[in-house]
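K.L.:
So that you have it, the file is work_27.csv, and it contains CSV, N, CA and C atoms:
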```csv
chain,number,residue,atom,x,y,z
Y,1,MET,N,36.5,288.0,139.6
Y,1,MET,CA,36.3,286.9,138.7
Y,1,MET,C,34.9,286.3,138.9
Y,2,ASN,N,34.4,285.9,137.8
Y,2,ASN,CA,33.1,285.3,137.8
Y,2,ASN,C,33.3,283.8,138.1
Y,3,TRP,N,32.3,283.1,138.6
Y,3,TRP,CA,32.4,281.7,139.0
Y,3,TRP,C,32.6,280.9,137.8
Y,4,LYS,N,32.0,281.3,136.6
Y,4,LYS,CA,32.2,280.6,135.4
Y,4,LYS,C,33.6,280.6,134.9
Y,5,GLU,N,34.3,281.7,135.1
Y,5,GLU,CA,35.7,281.8,134.7
Y,5,GLU,C,36.6,280.9,135.6
Y,6,ILE,N,36.3,280.9,136.9
Y,6,ILE,CA,37.0,280.0,137.8
Y,6,ILE,C,36.9,278.6,137.4
Y,7,LEU,N,35.6,278.2,137.1
Y,7,LEU,CA,35.4,276.8,136.8
Y,7,LEU,C,36.1,276.4,135.5
Y,8,PHE,N,36.0,277.3,134.5
Y,8,PHE,CA,36.7,277.1,133.2
Y,8,PHE,C,38.2,277.0,133.4
Y,9,LEU,N,38.8,277.9,134.2
Y,9,LEU,CA,40.3,277.8,134.4
Y,9,LEU,C,40.7,276.5,135.1
Y,10,SER,N,39.9,276.1,136.1
Y,10,SER,CA,40.3,274.9,136.8
Y,10,SER,C,40.2,273.7,135.9
Y,11,CYS,N,39.1,273.6,135.1
Y,11,CYS,CA,39.0,272.5,134.2
Y,11,CYS,C,40.1,272.5,133.2
Y,12,PHE,N,40.5,273.6,132.7
Y,12,PHE,CA,41.6,273.7,131.7
Y,12,PHE,C,42.9,273.3,132.3
Y,13,ALA,N,43.1,273.8,133.6
Y,13,ALA,CA,44.4,273.4,134.2
Y,13,ALA,C,44.4,271.9,134.5
Y,14,THR,N,43.3,271.3,134.8
Y,14,THR,CA,43.3,269.8,135.0
Y,14,THR,C,43.5,269.1,133.7
Y,15,PHE,N,43.0,269.6,132.6
Y,15,PHE,CA,43.2,269.0,131.3
Y,15,PHE,C,44.6,269.0,130.9
Y,16,VAL,N,45.3,270.2,131.1
Y,16,VAL,CA,46.7,270.3,130.7
Y,16,VAL,C,47.5,269.4,131.6
Y,17,LEU,N,47.2,269.3,132.9
Y,17,LEU,CA,48.0,268.5,133.8
Y,17,LEU,C,47.9,267.0,133.4
Y,18,LEU,N,46.7,266.6,133.0
Y,18,LEU,CA,46.5,265.2,132.5
Y,18,LEU,C,47.3,264.9,131.3
Y,19,ILE,N,47.3,265.8,130.4
Y,19,ILE,CA,48.1,265.6,129.1
Y,19,ILE,C,49.6,265.5,129.4
Y,20,VAL,N,50.1,266.4,130.3
Y,20,VAL,CA,51.5,266.4,130.6
Y,20,VAL,C,51.9,265.1,131.3
Y,21,LEU,N,51.0,264.6,132.3
Y,21,LEU,CA,51.3,263.3,133.0
Y,21,LEU,C,51.3,262.2,132.0
Y,22,GLU,N,50.4,262.2,131.1
Y,22,GLU,CA,50.3,261.1,130.1
Y,22,GLU,C,51.5,261.0,129.2
Y,23,GLU,N,52.0,262.2,128.8
Y,23,GLU,CA,53.2,262.2,128.0
Y,23,GLU,C,54.4,261.7,128.8
Y,24,SER,N,54.5,262.0,130.0
Y,24,SER,CA,55.7,261.6,130.8
Y,24,SER,C,55.6,260.1,131.0
Y,25,ASP,N,54.4,259.5,131.2
Y,25,ASP,CA,54.3,258.1,131.4
Y,25,ASP,C,54.7,257.3,130.1
Y,26,SER,N,54.3,257.8,129.0
Y,26,SER,CA,54.6,257.1,127.8
Y,26,SER,C,56.1,257.3,127.5
Y,27,ALA,N,56.7,258.3,127.9
Y,27,ALA,CA,58.1,258.5,127.7
Y,27,ALA,C,58.9,257.5,128.5
Y,28,ALA,N,58.4,257.3,129.7
Y,28,ALA,CA,59.1,256.3,130.6
Y,28,ALA,C,59.0,254.9,130.1
Y,29,VAL,N,57.8,254.6,129.5
Y,29,VAL,CA,57.7,253.3,129.0
Y,29,VAL,C,58.5,253.1,127.7
Y,30,GLY,N,58.6,254.2,127.0
Y,30,GLY,CA,59.4,254.1,125.7
Y,30,GLY,C,60.8,253.7,125.9
Y,31,THR,N,61.4,253.9,127.0
Y,31,THR,CA,62.8,253.6,127.2
Y,31,THR,C,63.0,252.1,127.2
Y,32,ARG,N,62.0,251.3,127.6
Y,32,ARG,CA,62.2,249.9,127.7
Y,32,ARG,C,61.2,249.2,126.7
Y,33,LYS,N,61.1,249.8,125.6
Y,33,LYS,CA,60.1,249.3,124.6
Y,33,LYS,C,60.5,247.9,124.1
Y,34,ALA,N,61.8,247.7,123.8
Y,34,ALA,CA,62.2,246.4,123.2
Y,34,ALA,C,62.0,245.3,124.2
Y,35,ALA,N,62.3,245.5,125.4
Y,35,ALA,CA,62.1,244.4,126.4
Y,35,ALA,C,60.6,244.2,126.7
Y,36,GLY,N,59.8,245.3,126.6
Y,36,GLY,CA,58.4,245.2,126.9
Y,36,GLY,C,57.7,244.4,125.8
Y,37,GLU,N,58.2,244.7,124.5
Y,37,GLU,CA,57.5,243.9,123.4
Y,37,GLU,C,57.8,242.4,123.5
Y,38,GLU,N,59.0,242.1,123.9
Y,38,GLU,CA,59.3,240.7,124.0
Y,38,GLU,C,58.5,240.0,125.1
Y,39,ASP,N,58.3,240.8,126.2
Y,39,ASP,CA,57.5,240.3,127.3
Y,39,ASP,C,56.0,240.1,126.8
Y,40,LYS,N,55.6,241.1,126.0
Y,40,LYS,CA,54.2,241.0,125.6
Y,40,LYS,C,54.0,239.8,124.7
Y,41,GLU,N,54.9,239.5,123.8
Y,41,GLU,CA,54.8,238.3,122.9
Y,41,GLU,C,54.8,237.0,123.7
Y,42,SER,N,55.7,237.0,124.7
Y,42,SER,CA,55.7,235.7,125.5
Y,42,SER,C,54.4,235.6,126.3
Y,43,MET,N,53.9,236.7,126.8
Y,43,MET,CA,52.6,236.6,127.6
Y,43,MET,C,51.5,236.2,126.7
Y,44,LYS,N,51.5,236.7,125.4
Y,44,LYS,CA,50.4,236.3,124.5
Y,44,LYS,C,50.4,234.8,124.3
Y,45,LYS,N,51.6,234.3,124.1
Y,45,LYS,CA,51.7,232.9,123.9
Y,45,LYS,C,51.2,232.1,125.1
Y,46,LYS,N,51.5,232.6,126.3
Y,46,LYS,CA,51.1,231.9,127.5
Y,46,LYS,C,49.6,232.0,127.8
Y,47,ILE,N,49.0,233.2,127.5
Y,47,ILE,CA,47.6,233.4,127.8
Y,47,ILE,C,46.6,233.0,126.8
Y,48,PHE,N,46.9,233.4,125.6
Y,48,PHE,CA,45.8,233.2,124.5
Y,48,PHE,C,46.0,231.8,123.9
Y,49,ILE,N,44.8,231.3,123.5
Y,49,ILE,CA,44.8,229.9,122.8
Y,49,ILE,C,44.9,230.1,121.3
Y,50,GLN,N,45.1,229.1,120.6
Y,50,GLN,CA,45.1,229.1,119.1
Y,50,GLN,C,43.8,229.6,118.6
Y,51,GLU,N,43.8,230.2,117.4
Y,51,GLU,CA,42.6,230.7,116.7
Y,51,GLU,C,41.6,229.6,116.5
Y,52,SER,N,42.1,228.4,116.1
Y,52,SER,CA,41.1,227.3,115.8
Y,52,SER,C,40.4,226.9,117.1
Y,53,ASP,N,41.2,226.8,118.2
Y,53,ASP,CA,40.6,226.4,119.4
Y,53,ASP,C,39.6,227.5,119.9
Y,54,ALA,N,39.9,228.7,119.7
Y,54,ALA,CA,39.0,229.8,120.1
Y,54,ALA,C,37.7,229.8,119.4
Y,55,SER,N,37.8,229.6,118.0
Y,55,SER,CA,36.6,229.6,117.2
Y,55,SER,C,35.8,228.4,117.6
Y,56,ASN,N,36.4,227.2,117.9
Y,56,ASN,CA,35.6,226.1,118.3
Y,56,ASN,C,34.9,226.3,119.6
Y,57,PHE,N,35.6,227.0,120.5
Y,57,PHE,CA,35.1,227.3,121.8
Y,57,PHE,C,33.8,228.1,121.7
Y,58,PHE,N,33.8,229.1,120.8
Y,58,PHE,CA,32.6,229.9,120.7
Y,58,PHE,C,31.5,229.3,119.8
Y,59,LYS,N,31.9,228.3,119.0
Y,59,LYS,CA,30.9,227.6,118.2
Y,59,LYS,C,30.2,226.5,119.0
Y,60,LYS,N,30.7,226.2,120.1
Y,60,LYS,CA,30.1,225.0,120.9
Y,60,LYS,C,28.6,225.3,121.1
Y,61,ARG,N,28.3,226.4,121.8
Y,61,ARG,CA,26.9,226.6,122.1
Y,61,ARG,C,26.7,228.1,122.4
Y,62,GLY,N,25.7,228.6,121.8
Y,62,GLY,CA,25.3,230.0,122.1
Y,62,GLY,C,24.4,230.0,123.4
Y,63,LYS,N,24.1,231.2,123.8
Y,63,LYS,CA,23.3,231.3,125.1
Y,63,LYS,C,21.9,230.6,125.0
Y,64,ARG,N,21.3,230.8,123.8
Y,64,ARG,CA,19.9,230.3,123.7
Y,64,ARG,C,19.9,228.8,123.1
Y,65,ALA,N,21.0,228.3,122.7
Y,65,ALA,CA,21.0,227.0,122.1
Y,65,ALA,C,20.7,225.9,123.2
Y,66,THR,N,20.2,224.8,122.8
Y,66,THR,CA,19.9,223.7,123.8
Y,66,THR,C,21.2,223.1,124.3
Y,67,LYS,N,21.2,222.7,125.5
Y,67,LYS,CA,22.4,222.1,126.1
Y,67,LYS,C,22.6,220.7,125.6
Y,68,SER,N,23.8,220.3,125.6
Y,68,SER,CA,24.1,218.9,125.2
Y,68,SER,C,23.8,218.0,126.3
Y,69,ARG,N,23.7,216.7,125.9
Y,69,ARG,CA,23.4,215.7,126.9
Y,69,ARG,C,24.4,215.6,128.0
Y,70,ASP,N,25.7,215.8,127.6
Y,70,ASP,CA,26.8,215.8,128.7
Y,70,ASP,C,26.6,216.9,129.6
Y,71,GLU,N,26.3,218.1,129.1
Y,71,GLU,CA,26.1,219.3,130.0
Y,71,GLU,C,24.9,219.0,131.0
Y,72,LEU,N,23.8,218.5,130.4
Y,72,LEU,CA,22.7,218.2,131.3
Y,72,LEU,C,23.0,217.2,132.3
Y,73,ASN,N,23.7,216.2,132.0
Y,73,ASN,CA,24.1,215.1,132.9
Y,73,ASN,C,25.0,215.7,134.0
Y,74,ALA,N,26.0,216.6,133.6
Y,74,ALA,CA,26.9,217.2,134.6
Y,74,ALA,C,26.1,218.0,135.5
Y,75,GLU,N,25.2,218.9,135.0
Y,75,GLU,CA,24.4,219.7,135.9
Y,75,GLU,C,23.5,218.9,136.8
Y,76,THR,N,23.0,217.8,136.3
Y,76,THR,CA,22.1,216.9,137.2
Y,76,THR,C,23.0,216.3,138.3
Y,77,ARG,N,24.2,215.9,137.9
Y,77,ARG,CA,25.1,215.3,138.9
Y,77,ARG,C,25.4,216.3,140.0
Y,78,GLN,N,25.7,217.5,139.6
Y,78,GLN,CA,26.0,218.6,140.6
Y,78,GLN,C,24.8,218.8,141.5
Y,79,MET,N,23.6,218.9,140.9
Y,79,MET,CA,22.4,219.1,141.7
Y,79,MET,C,22.2,218.0,142.7
Y,80,LEU,N,22.4,216.7,142.2
Y,80,LEU,CA,22.2,215.6,143.1
Y,80,LEU,C,23.2,215.6,144.2
Y,81,ILE,N,24.5,215.9,143.9
Y,81,ILE,CA,25.5,216.0,144.9
Y,81,ILE,C,25.2,217.0,146.0
Y,82,ALA,N,24.7,218.2,145.5
Y,82,ALA,CA,24.4,219.3,146.4
Y,82,ALA,C,23.2,218.9,147.3
Y,83,ASP,N,22.2,218.2,146.7
Y,83,ASP,CA,21.1,217.7,147.5
Y,83,ASP,C,21.5,216.7,148.6
Y,84,GLU,N,22.4,215.8,148.2
Y,84,GLU,CA,22.9,214.8,149.1
Y,84,GLU,C,23.6,215.5,150.3
Y,85,GLN,N,24.5,216.4,149.9
Y,85,GLN,CA,25.2,217.1,151.0
Y,85,GLN,C,24.3,217.9,151.9
Y,86,ARG,N,23.3,218.5,151.3
Y,86,ARG,CA,22.3,219.3,152.1
Y,86,ARG,C,21.6,218.3,153.0
Y,87,ARG,N,21.2,217.2,152.5
Y,87,ARG,CA,20.4,216.2,153.3
Y,87,ARG,C,21.3,215.6,154.4
Y,88,GLU,N,22.6,215.4,154.1
Y,88,GLU,CA,23.5,214.9,155.2
Y,88,GLU,C,23.6,215.9,156.3
Y,89,TYR,N,23.8,217.2,155.9
Y,89,TYR,CA,24.0,218.3,156.8
Y,89,TYR,C,22.8,218.4,157.8
Y,90,PHE,N,21.6,218.4,157.2
Y,90,PHE,CA,20.4,218.5,158.0
Y,90,PHE,C,20.1,217.3,158.9
Y,91,GLU,N,20.5,216.1,158.4
Y,91,GLU,CA,20.4,214.9,159.2
Y,91,GLU,C,21.3,215.0,160.4
Y,92,GLU,N,22.5,215.5,160.1
Y,92,GLU,CA,23.5,215.6,161.2
Y,92,GLU,C,23.0,216.6,162.3
Y,93,GLN,N,22.5,217.7,161.8
Y,93,GLN,CA,21.9,218.7,162.7
Y,93,GLN,C,20.8,218.2,163.5
Y,94,ARG,N,19.9,217.4,162.9
Y,94,ARG,CA,18.8,216.8,163.6
Y,94,ARG,C,19.2,215.8,164.6
Y,95,ASN,N,20.2,215.0,164.3
Y,95,ASN,CA,20.7,214.0,165.2
Y,95,ASN,C,21.4,214.7,166.4
Y,96,GLU,N,22.1,215.8,166.1
Y,96,GLU,CA,22.7,216.5,167.3
Y,96,GLU,C,21.7,217.1,168.2
Y,97,PHE,N,20.6,217.6,167.6
Y,97,PHE,CA,19.5,218.2,168.4
Y,97,PHE,C,18.8,217.1,169.2
Y,98,GLU,N,18.6,216.0,168.6
Y,98,GLU,CA,17.9,214.9,169.3
Y,98,GLU,C,18.8,214.4,170.4
Y,99,ASN,N,20.0,214.3,170.2
Y,99,ASN,CA,20.9,213.9,171.3
Y,99,ASN,C,20.9,215.0,172.4
Y,100,PHE,N,20.9,216.2,172.1
Y,100,PHE,CA,20.8,217.3,173.0
Y,100,PHE,C,19.6,217.2,173.9
Y,101,VAL,N,18.4,217.0,173.2
Y,101,VAL,CA,17.1,216.9,173.9
Y,101,VAL,C,17.1,215.7,174.8
Y,102,LYS,N,17.7,214.6,174.4
Y,102,LYS,CA,17.8,213.4,175.2
Y,102,LYS,C,18.5,213.7,176.5
Y,103,GLU,N,19.7,214.3,176.3
Y,103,GLU,CA,20.5,214.7,177.5
Y,103,GLU,C,19.8,215.6,178.4
Y,104,GLU,N,19.1,216.6,177.9
Y,104,GLU,CA,18.4,217.5,178.7
Y,104,GLU,C,17.3,216.8,179.5
Y,105,ARG,N,16.6,215.9,178.8
Y,105,ARG,CA,15.5,215.2,179.5
Y,105,ARG,C,16.0,214.3,180.6
Y,106,LYS,N,17.2,213.7,180.3
Y,106,LYS,CA,17.8,212.8,181.3
Y,106,LYS,C,18.2,213.7,182.6
Y,107,GLU,N,18.8,214.8,182.3
Y,107,GLU,CA,19.2,215.7,183.4
Y,107,GLU,C,17.9,216.2,184.2
Y,108,GLN,N,16.9,216.5,183.4
Y,108,GLN,CA,15.7,217.0,184.1
Y,108,GLN,C,15.0,215.9,184.9
Y,109,GLN,N,15.0,214.7,184.4
Y,109,GLN,CA,14.4,213.6,185.1
Y,109,GLN,C,15.3,213.3,186.4
Y,110,GLU,N,16.6,213.4,186.2
Y,110,GLU,CA,17.4,213.1,187.4
Y,110,GLU,C,17.2,214.2,188.5
Y,111,ARG,N,17.1,215.4,188.1
Y,111,ARG,CA,16.9,216.5,189.0
Y,111,ARG,C,15.5,216.3,189.7
Y,112,SER,N,14.5,216.0,188.9
Y,112,SER,CA,13.2,215.8,189.5
Y,112,SER,C,13.1,214.6,190.4
Y,113,ARG,N,13.8,213.5,190.0
Y,113,ARG,CA,13.9,212.3,190.9
Y,113,ARG,C,14.6,212.6,192.2
Y,114,GLU,N,15.7,213.4,192.1
Y,114,GLU,CA,16.4,213.8,193.4
Y,114,GLU,C,15.5,214.6,194.3
Y,115,GLN,N,14.7,215.6,193.6
Y,115,GLN,CA,13.9,216.4,194.4
Y,115,GLN,C,12.7,215.6,195.1
Y,116,ILE,N,12.2,214.6,194.3
Y,116,ILE,CA,11.1,213.8,194.9
Y,116,ILE,C,11.7,212.9,196.0
Y,117,GLU,N,12.9,212.4,195.8
Y,117,GLU,CA,13.5,211.6,196.9
Y,117,GLU,C,13.8,212.4,198.1
Y,118,GLN,N,14.2,213.6,198.0
Y,118,GLN,CA,14.4,214.5,199.1
Y,118,GLN,C,13.1,214.8,199.8
Y,119,TRP,N,12.1,215.1,199.0
Y,119,TRP,CA,10.8,215.3,199.6
Y,119,TRP,C,10.3,214.2,200.4
Y,120,ARG,N,10.4,213.0,199.9
Y,120,ARG,CA,10.0,211.7,200.6
Y,120,ARG,C,10.8,211.5,201.9
Y,121,GLN,N,12.1,211.8,201.8
Y,121,GLN,CA,12.9,211.6,203.0
Y,121,GLN,C,12.5,212.6,204.1
Y,122,TYR,N,12.2,213.8,203.7
Y,122,TYR,CA,11.8,214.8,204.6
Y,122,TYR,C,10.5,214.5,205.3
Y,123,HIS,N,9.5,214.0,204.5
Y,123,HIS,CA,8.2,213.7,205.0
Y,123,HIS,C,8.0,212.3,205.5
Y,124,TYR,N,9.1,211.5,205.5
Y,124,TYR,CA,8.9,210.1,206.0
Y,124,TYR,C,8.6,210.0,207.4
Y,125,ASP,N,7.6,209.2,207.8
Y,125,ASP,CA,7.1,209.2,209.2
Y,125,ASP,C,7.4,207.8,209.9
Y,126,GLY,N,8.3,207.0,209.2
Y,126,GLY,CA,8.7,205.8,209.8
Y,126,GLY,C,7.8,204.6,209.4
Y,127,LEU,N,6.8,204.9,208.7
Y,127,LEU,CA,6.0,203.8,208.2
Y,127,LEU,C,6.3,203.5,206.8
Y,128,TYR,N,6.1,202.2,206.3
Y,128,TYR,CA,6.4,201.9,205.0
Y,128,TYR,C,5.1,201.3,204.3
Y,129,PRO,N,4.8,201.7,203.2
Y,129,PRO,CA,5.3,202.7,202.3
Y,129,PRO,C,5.1,204.1,203.0
Y,130,SER,N,5.9,205.0,202.5
Y,130,SER,CA,6.0,206.3,203.2
Y,130,SER,C,4.7,207.1,203.1
Y,131,TYR,N,4.7,208.1,203.9
Y,131,TYR,CA,3.7,209.2,204.0
Y,131,TYR,C,2.3,208.6,204.3
Y,132,MET,N,1.3,209.1,203.6
Y,132,MET,CA,-0.1,208.9,204.1
Y,132,MET,C,-0.7,207.5,203.7
Y,133,TYR,N,0.0,206.8,203.0
Y,133,TYR,CA,-0.6,205.6,202.4
Y,133,TYR,C,-0.9,204.5,203.5
Y,134,ASN,N,-0.1,204.4,204.5
Y,134,ASN,CA,-0.3,203.5,205.6
Y,134,ASN,C,-0.8,204.0,206.9
Y,135,ARG,N,-1.2,205.2,206.9
Y,135,ARG,CA,-1.7,205.8,208.1
Y,135,ARG,C,-3.0,205.2,208.6
Y,136,HIS,N,-3.1,204.9,209.8
Y,136,HIS,CA,-4.3,204.3,210.4
Y,136,HIS,C,-5.1,205.4,211.0
Y,137,HIS,N,-6.3,205.6,210.5
Y,137,HIS,CA,-7.1,206.6,211.0
Y,137,HIS,C,-8.0,206.0,212.1
Y,138,ILE,N,-8.0,206.7,213.2
Y,138,ILE,CA,-8.7,206.2,214.3
Y,138,ILE,C,-10.0,206.9,214.4
```
Taking this structure as input, can you express it in the form of structure tokens?

P.N.:
Amino acid sequence: MNWKEILFLSCFATFVLLIVLEESDSAAVGTRKAAGEEDKESMKKKIFIQESDASNFFKKRGKRATKSRDELNAETRQMLIADEQRREYFEEQRNEFENFVKEERKEQQERSREQIEQWRQYHYDGLYPSYMYNRHHI
């Protein structure tokens, strides 16, 4: 067999299989057609709005038309709220970082003070003030 014949036969078999499956699905749905139609009608009533409301909805504004004052005000309010939330977030982050830096500085100063104190105690020679300040040179 030629590769073209194999390709043609496989496509034809797939086509026939799809047609057979489609007919079997529609037959299965056809048994409950009356109940399905009632469900569809009730769903249409729940989902879709009245024609007059729908036409008014699309007449409100096209894509290129200017926005109404209310729309502009609403968008401005949303932008201002978003800016305020962003500002509060960054202020909170900055405050947390400042507190962290303060704590780190305090700890560093405490460690350096302790080290200086230990150094002074180690080098203390009994005179006050300590170390070389009160030494009498002969």

K.L.:
Please measure the separation of CA of Arg86 in chain Y and CA of Glu104 in chain Y, giving the value in Å to one decimal.

P.N.:
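We find that CA of Arg86 in chain Y and CA of Glu104 in chain Y lie 26.9 Å from each other.
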
K.L.:
Quick one, how far is CA of Ser52 in chain Y from CA of Asp70 in chain Y?

P.N.:
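CA of Asp70 in chain Y lies 22.4 Å from CA of Ser52 in chain Y.
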
K.L.:
What is the distance between CA of Glu107 in chain Y and CA of Phe90 in chain Y, in Å to one decimal?

P.N.:
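Separation of CA of Glu107 in chain Y and CA of Phe90 in chain Y: 25.6 Å.
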
K.L.:
Since the input lacks atoms, please generate all heavy atoms for range 102-111 of chain Y and provide them as an mmCIF file, keeping the file's coordinate frame.

P.N.:
```
data_model
loop_
_atom_site.group_PDB
_atom_site.id
_atom_site.type_symbol
_atom_site.label_atom_id
_atom_site.label_comp_id
_atom_site.auth_asym_id
_atom_site.auth_seq_id
_atom_site.Cartn_x
_atom_site.Cartn_y
_atom_site.Cartn_z
ATOM 1 N N LYS Y 102 17.700 214.600 174.400
ATOM 2 C CA LYS Y 102 17.800 213.400 175.200
ATOM 3 C C LYS Y 102 18.500 213.700 176.500
ATOM 4 O O LYS Y 102 18.131 213.314 177.595
ATOM 5 C CB LYS Y 102 18.397 212.207 174.483
ATOM 6 C CG LYS Y 102 17.481 211.520 173.509
ATOM 7 C CD LYS Y 102 18.206 210.357 172.855
ATOM 8 C CE LYS Y 102 17.341 209.705 171.801
ATOM 9 N NZ LYS Y 102 18.057 208.624 171.097
ATOM 10 N N GLU Y 103 19.700 214.300 176.300
ATOM 11 C CA GLU Y 103 20.500 214.700 177.500
ATOM 12 C C GLU Y 103 19.800 215.600 178.400
ATOM 13 O O GLU Y 103 19.810 215.440 179.655
ATOM 14 C CB GLU Y 103 21.838 215.281 177.052
ATOM 15 C CG GLU Y 103 22.784 214.314 176.385
ATOM 16 C CD GLU Y 103 23.252 213.237 177.324
ATOM 17 O OE1 GLU Y 103 23.501 213.540 178.514
ATOM 18 O OE2 GLU Y 103 23.358 212.081 176.888
ATOM 19 N N GLU Y 104 19.100 216.600 177.900
ATOM 20 C CA GLU Y 104 18.400 217.500 178.700
ATOM 21 C C GLU Y 104 17.300 216.800 179.500
ATOM 22 O O GLU Y 104 17.034 217.097 180.643
ATOM 23 C CB GLU Y 104 17.764 218.663 177.831
ATOM 24 C CG GLU Y 104 18.779 219.670 177.328
ATOM 25 C CD GLU Y 104 19.343 220.497 178.463
ATOM 26 O OE1 GLU Y 104 18.580 220.940 179.333
ATOM 27 O OE2 GLU Y 104 20.577 220.688 178.485
ATOM 28 N N ARG Y 105 16.600 215.900 178.800
ATOM 29 C CA ARG Y 105 15.500 215.200 179.500
ATOM 30 C C ARG Y 105 16.000 214.300 180.600
ATOM 31 O O ARG Y 105 15.443 214.217 181.660
ATOM 32 C CB ARG Y 105 14.725 214.323 178.451
ATOM 33 C CG ARG Y 105 13.786 215.115 177.583
ATOM 34 C CD ARG Y 105 13.027 214.227 176.637
ATOM 35 N NE ARG Y 105 12.191 215.009 175.743
ATOM 36 C CZ ARG Y 105 11.753 214.593 174.569
ATOM 37 N NH1 ARG Y 105 12.069 213.383 174.151
ATOM 38 N NH2 ARG Y 105 11.002 215.361 173.821
ATOM 39 N N LYS Y 106 17.200 213.700 180.300
ATOM 40 C CA LYS Y 106 17.800 212.800 181.300
ATOM 41 C C LYS Y 106 18.200 213.700 182.600
ATOM 42 O O LYS Y 106 17.921 213.260 183.697
ATOM 43 C CB LYS Y 106 19.041 212.127 180.797
ATOM 44 C CG LYS Y 106 18.763 210.896 179.982
ATOM 45 C CD LYS Y 106 20.080 210.245 179.586
ATOM 46 C CE LYS Y 106 19.850 209.005 178.777
ATOM 47 N NZ LYS Y 106 21.126 208.381 178.362
ATOM 48 N N GLU Y 107 18.800 214.800 182.300
ATOM 49 C CA GLU Y 107 19.200 215.700 183.400
ATOM 50 C C GLU Y 107 17.900 216.200 184.200
ATOM 51 O O GLU Y 107 17.941 216.210 185.409
ATOM 52 C CB GLU Y 107 19.962 216.867 182.878
ATOM 53 C CG GLU Y 107 21.347 216.492 182.378
ATOM 54 C CD GLU Y 107 22.101 217.686 181.815
ATOM 55 O OE1 GLU Y 107 21.642 218.826 181.999
ATOM 56 O OE2 GLU Y 107 23.151 217.455 181.198
ATOM 57 N N GLN Y 108 16.900 216.500 183.400
ATOM 58 C CA GLN Y 108 15.700 217.000 184.100
ATOM 59 C C GLN Y 108 15.000 215.900 184.900
ATOM 60 O O GLN Y 108 14.592 216.145 186.050
ATOM 61 C CB GLN Y 108 14.680 217.529 183.041
ATOM 62 C CG GLN Y 108 13.398 218.080 183.636
ATOM 63 C CD GLN Y 108 13.657 219.294 184.502
ATOM 64 O OE1 GLN Y 108 14.531 220.094 184.204
ATOM 65 N NE2 GLN Y 108 12.906 219.424 185.578
ATOM 66 N N GLN Y 109 15.000 214.700 184.400
ATOM 67 C CA GLN Y 109 14.400 213.600 185.100
ATOM 68 C C GLN Y 109 15.300 213.300 186.400
ATOM 69 O O GLN Y 109 14.721 212.971 187.439
ATOM 70 C CB GLN Y 109 14.337 212.336 184.234
ATOM 71 C CG GLN Y 109 13.248 212.425 183.179
ATOM 72 C CD GLN Y 109 13.305 211.271 182.198
ATOM 73 O OE1 GLN Y 109 14.225 210.464 182.215
ATOM 74 N NE2 GLN Y 109 12.303 211.208 181.323
ATOM 75 N N GLU Y 110 16.600 213.400 186.200
ATOM 76 C CA GLU Y 110 17.400 213.100 187.400
ATOM 77 C C GLU Y 110 17.200 214.200 188.500
ATOM 78 O O GLU Y 110 17.127 213.848 189.660
ATOM 79 C CB GLU Y 110 18.910 213.132 186.922
ATOM 80 C CG GLU Y 110 19.913 212.846 188.012
ATOM 81 C CD GLU Y 110 19.823 211.435 188.542
ATOM 82 O OE1 GLU Y 110 19.332 210.545 187.833
ATOM 83 O OE2 GLU Y 110 20.242 211.224 189.694
ATOM 84 N N ARG Y 111 17.100 215.400 188.100
ATOM 85 C CA ARG Y 111 16.900 216.500 189.000
ATOM 86 C C ARG Y 111 15.500 216.300 189.700
ATOM 87 O O ARG Y 111 15.398 216.427 190.940
ATOM 88 C CB ARG Y 111 16.917 217.875 188.358
ATOM 89 C CG ARG Y 111 18.321 218.352 188.063
ATOM 90 C CD ARG Y 111 18.325 219.822 187.719
ATOM 91 N NE ARG Y 111 17.617 220.100 186.492
ATOM 92 C CZ ARG Y 111 18.164 220.145 185.286
ATOM 93 N NH1 ARG Y 111 19.452 219.900 185.164
ATOM 94 N NH2 ARG Y 111 17.434 220.413 184.225
#
```
